[in-house]
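Have a look at model_17.pdb below; it lists PDB, C-alpha atoms and all ligand atoms.
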```pdb
MODEL        1
ATOM      1  CA  MET A 102      73.403  62.149  46.721  1.00  0.00           C
ATOM      2  CA  THR A 103      69.919  63.487  46.473  1.00  0.00           C
ATOM      3  CA  ASN A 104      69.588  64.949  49.859  1.00  0.00           C
ATOM      4  CA  ALA A 105      68.760  68.573  50.325  1.00  0.00           C
ATOM      5  CA  THR A 106      66.213  70.705  48.662  1.00  0.00           C
ATOM      6  CA  SER A 107      67.647  74.065  49.445  1.00  0.00           C
ATOM      7  CA  PRO A 108      64.790  76.167  50.768  1.00  0.00           C
ATOM      8  CA  THR A 109      66.272  79.536  50.065  1.00  0.00           C
ATOM      9  CA  GLY A 110      69.580  79.533  48.299  1.00  0.00           C
ATOM     10  CA  LEU A 111      73.277  78.983  48.476  1.00  0.00           C
ATOM     11  CA  TRP A 112      74.207  82.248  50.041  1.00  0.00           C
ATOM     12  CA  CYS A 113      72.903  84.087  53.030  1.00  0.00           C
ATOM     13  CA  ASP A 114      70.896  86.999  51.723  1.00  0.00           C
ATOM     14  CA  ARG A 115      71.856  89.135  54.646  1.00  0.00           C
ATOM     15  CA  CYS A 116      75.580  88.711  55.294  1.00  0.00           C
ATOM     16  CA  GLY A 117      76.525  87.105  52.003  1.00  0.00           C
ATOM     17  CA  GLU A 118      78.243  84.121  53.506  1.00  0.00           C
ATOM     18  CA  PRO A 119      77.629  80.564  52.314  1.00  0.00           C
ATOM     19  CA  VAL A 120      74.690  78.774  53.864  1.00  0.00           C
ATOM     20  CA  ASP A 121      75.659  75.335  54.997  1.00  0.00           C
ATOM     21  CA  GLY A 122      72.539  73.384  55.724  1.00  0.00           C
ATOM     22  CA  GLY A 123      71.544  75.065  58.930  1.00  0.00           C
ATOM     23  CA  GLY A 124      71.705  78.616  57.796  1.00  0.00           C
ATOM     24  CA  HIS A 125      72.239  81.643  59.914  1.00  0.00           C
ATOM     25  CA  PRO A 126      69.761  81.917  62.787  1.00  0.00           C
ATOM     26  CA  ALA A 127      70.828  85.422  63.658  1.00  0.00           C
ATOM     27  CA  CYS A 128      70.464  86.524  60.077  1.00  0.00           C
ATOM     28  CA  GLN A 129      67.086  84.899  59.762  1.00  0.00           C
ATOM     29  CA  VAL A 130      65.857  86.783  62.783  1.00  0.00           C
ATOM     30  CA  ALA A 131      67.173  90.026  61.427  1.00  0.00           C
ATOM     31  CA  ARG A 132      65.725  89.292  58.028  1.00  0.00           C
ATOM     32  CA  GLU A 133      62.284  89.360  59.545  1.00  0.00           C
ATOM     33  CA  LEU A 134      62.717  93.073  59.909  1.00  0.00           C
ATOM     34  CA  GLU A 135      65.295  94.000  57.350  1.00  0.00           C
ATOM     35  CA  PRO A 136      65.487  93.507  53.622  1.00  0.00           C
ATOM     36  CA  PRO A 137      68.138  91.249  52.125  1.00  0.00           C
ATOM     37  CA  ARG A 138      71.361  92.646  50.797  1.00  0.00           C
ATOM     38  CA  PHE A 139      72.786  89.781  48.800  1.00  0.00           C
ATOM     39  CA  CYS A 140      71.214  87.554  46.224  1.00  0.00           C
ATOM     40  CA  PRO A 141      70.897  84.076  47.740  1.00  0.00           C
ATOM     41  CA  ARG A 142      71.500  82.486  44.368  1.00  0.00           C
ATOM     42  CA  CYS A 143      74.491  84.324  42.987  1.00  0.00           C
ATOM     43  CA  ARG A 144      75.722  86.349  45.929  1.00  0.00           C
ATOM     44  CA  ARG A 145      75.569  89.575  44.015  1.00  0.00           C
ATOM     45  CA  ARG A 146      74.873  92.791  45.774  1.00  0.00           C
ATOM     46  CA  MET A 147      71.246  93.559  45.279  1.00  0.00           C
ATOM     47  CA  LYS A 148      69.808  96.985  44.855  1.00  0.00           C
ATOM     48  CA  VAL A 149      67.590  97.359  47.870  1.00  0.00           C
ATOM     49  CA  GLN A 150      64.755  99.806  47.966  1.00  0.00           C
ATOM     50  CA  VAL A 151      62.658 100.377  51.027  1.00  0.00           C
ATOM     51  CA  LEU A 152      59.026 100.900  50.274  1.00  0.00           C
ATOM     52  CA  PRO A 153      56.136 102.078  52.433  1.00  0.00           C
ATOM     53  CA  SER A 154      54.649  98.613  52.220  1.00  0.00           C
ATOM     54  CA  GLY A 155      57.836  96.641  52.539  1.00  0.00           C
ATOM     55  CA  TRP A 156      60.948  96.428  50.457  1.00  0.00           C
ATOM     56  CA  SER A 157      62.203  95.544  47.045  1.00  0.00           C
ATOM     57  CA  ALA A 158      65.534  93.989  46.193  1.00  0.00           C
ATOM     58  CA  THR A 159      66.820  93.724  42.669  1.00  0.00           C
ATOM     59  CA  CYS A 160      69.517  91.386  41.418  1.00  0.00           C
ATOM     60  CA  VAL A 161      70.939  92.205  38.048  1.00  0.00           C
ATOM     61  CA  GLU A 162      70.985  88.510  37.293  1.00  0.00           C
ATOM     62  CA  HIS A 163      67.804  87.184  38.850  1.00  0.00           C
ATOM     63  CA  GLY A 164      65.495  90.133  38.870  1.00  0.00           C
ATOM     64  CA  THR A 165      63.425  91.753  41.536  1.00  0.00           C
ATOM     65  CA  GLN A 166      61.972  90.259  44.628  1.00  0.00           C
ATOM     66  CA  GLY A 167      59.975  91.877  47.356  1.00  0.00           C
ATOM     67  CA  THR A 168      57.700  91.459  50.299  1.00  0.00           C
ATOM     68  CA  HIS A 169      54.548  92.107  48.392  1.00  0.00           C
ATOM     69  CA  GLY A 170      54.617  89.980  45.323  1.00  0.00           C
ATOM     70  CA  THR A 171      50.951  89.634  44.671  1.00  0.00           C
ATOM     71  CA  ASP A 172      50.635  91.856  41.707  1.00  0.00           C
ATOM     72  CA  ARG A 173      50.908  89.294  38.983  1.00  0.00           C
ATOM     73  CA  THR A 174      47.478  88.584  37.747  1.00  0.00           C
ATOM     74  CA  HIS A 175      48.094  88.153  34.079  1.00  0.00           C
ATOM     75  CA  GLY A 176      48.298  84.593  33.026  1.00  0.00           C
ATOM     76  CA  THR A 177      46.624  81.333  32.566  1.00  0.00           C
ATOM     77  CA  HIS A 178      43.070  82.088  33.423  1.00  0.00           C
ATOM     78  CA  GLY A 179      41.162  83.165  30.423  1.00  0.00           C
ATOM     79  CA  THR A 180      37.630  81.990  30.383  1.00  0.00           C
ATOM     80  CA  THR A 181      35.432  83.707  27.929  1.00  0.00           C
ATOM     81  CA  GLN A 182      31.831  82.800  27.789  1.00  0.00           C
ATOM     82  CA  GLY A 183      29.547  83.832  25.109  1.00  0.00           C
TER      83      GLY A 183
HETATM   84 ZN    ZN B 201      74.093  85.269  57.321  1.00  0.00          ZN
HETATM   85 ZN    ZN B 202      71.168  86.792  41.674  1.00  0.00          ZN
ENDMDL
END
```
Please render this file's structure as structure tokens.
Ligand SMILES: [Zn+2]
Ligand SMILES: [Zn+2]
Amino acid sequence: MTNATSPTGLWCDRCGEPVDGGGHPACQVARELEPPRFCPRCRRRMKVQVLPSGWSATCVEHGTQGTHGTDRTHGTHGTTQG
């Protein structure tokens, strides 16, 4: 039974109801404009914070996610010449 690679999660991150394959079209449309309210992985209520550049939603279990997640530059690129 190796069928679906769930693209987002088990739960709808907007209404908190289970996502069965298709998902929620209405929620997906709304999610284009609004931040999520529920964690798609554990269905917990996330702490949503609206920012000038987007939004940030924090799950106590899975951490923070947001629209602008391009701030992680520390990592596996250390080339020192000399
Ligand atoms: Zn939904
Ligand atoms: Zn979570």
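Here atom CA of Cys143 of chain A is placed at a distance of 17.1 Å from atom CA of Ser157 of chain A.
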> Which residues fall under the PyMOL selection byres (((not hetatm)) within 12 of (chain B and resi 202)) in this file, as a list in words?
Replying inline: Gly110, Leu111, Trp112, Cys113, Asp114, Gly117, Pro137, Arg138, Phe139, Cys140, Pro141, Arg142, Cys143, Arg144, Arg145, Arg146, Met147, Lys148, Ala158, Thr159, Cys160, Val161, Glu162, His163, Gly164, Thr165 and Gln166 of chain A
> Could you state the separation of atom CA of Glu118 of chain A and atom CA of Pro136 of chain A in Å, given to one decimal place?
Replying inline: 15.8 Å
> Do you have the atom CA of Ser154 of chain A-atom CA of Pro119 of chain A distance handy?
Replying inline: 29.2 Å
> With distances taken over all atoms listed in the file, which of A:Gly123, A:Cys116, A:Glu135, A:Trp156 is nearest to ligand ZN 201 (chain B)?
Replying inline: A:Cys116
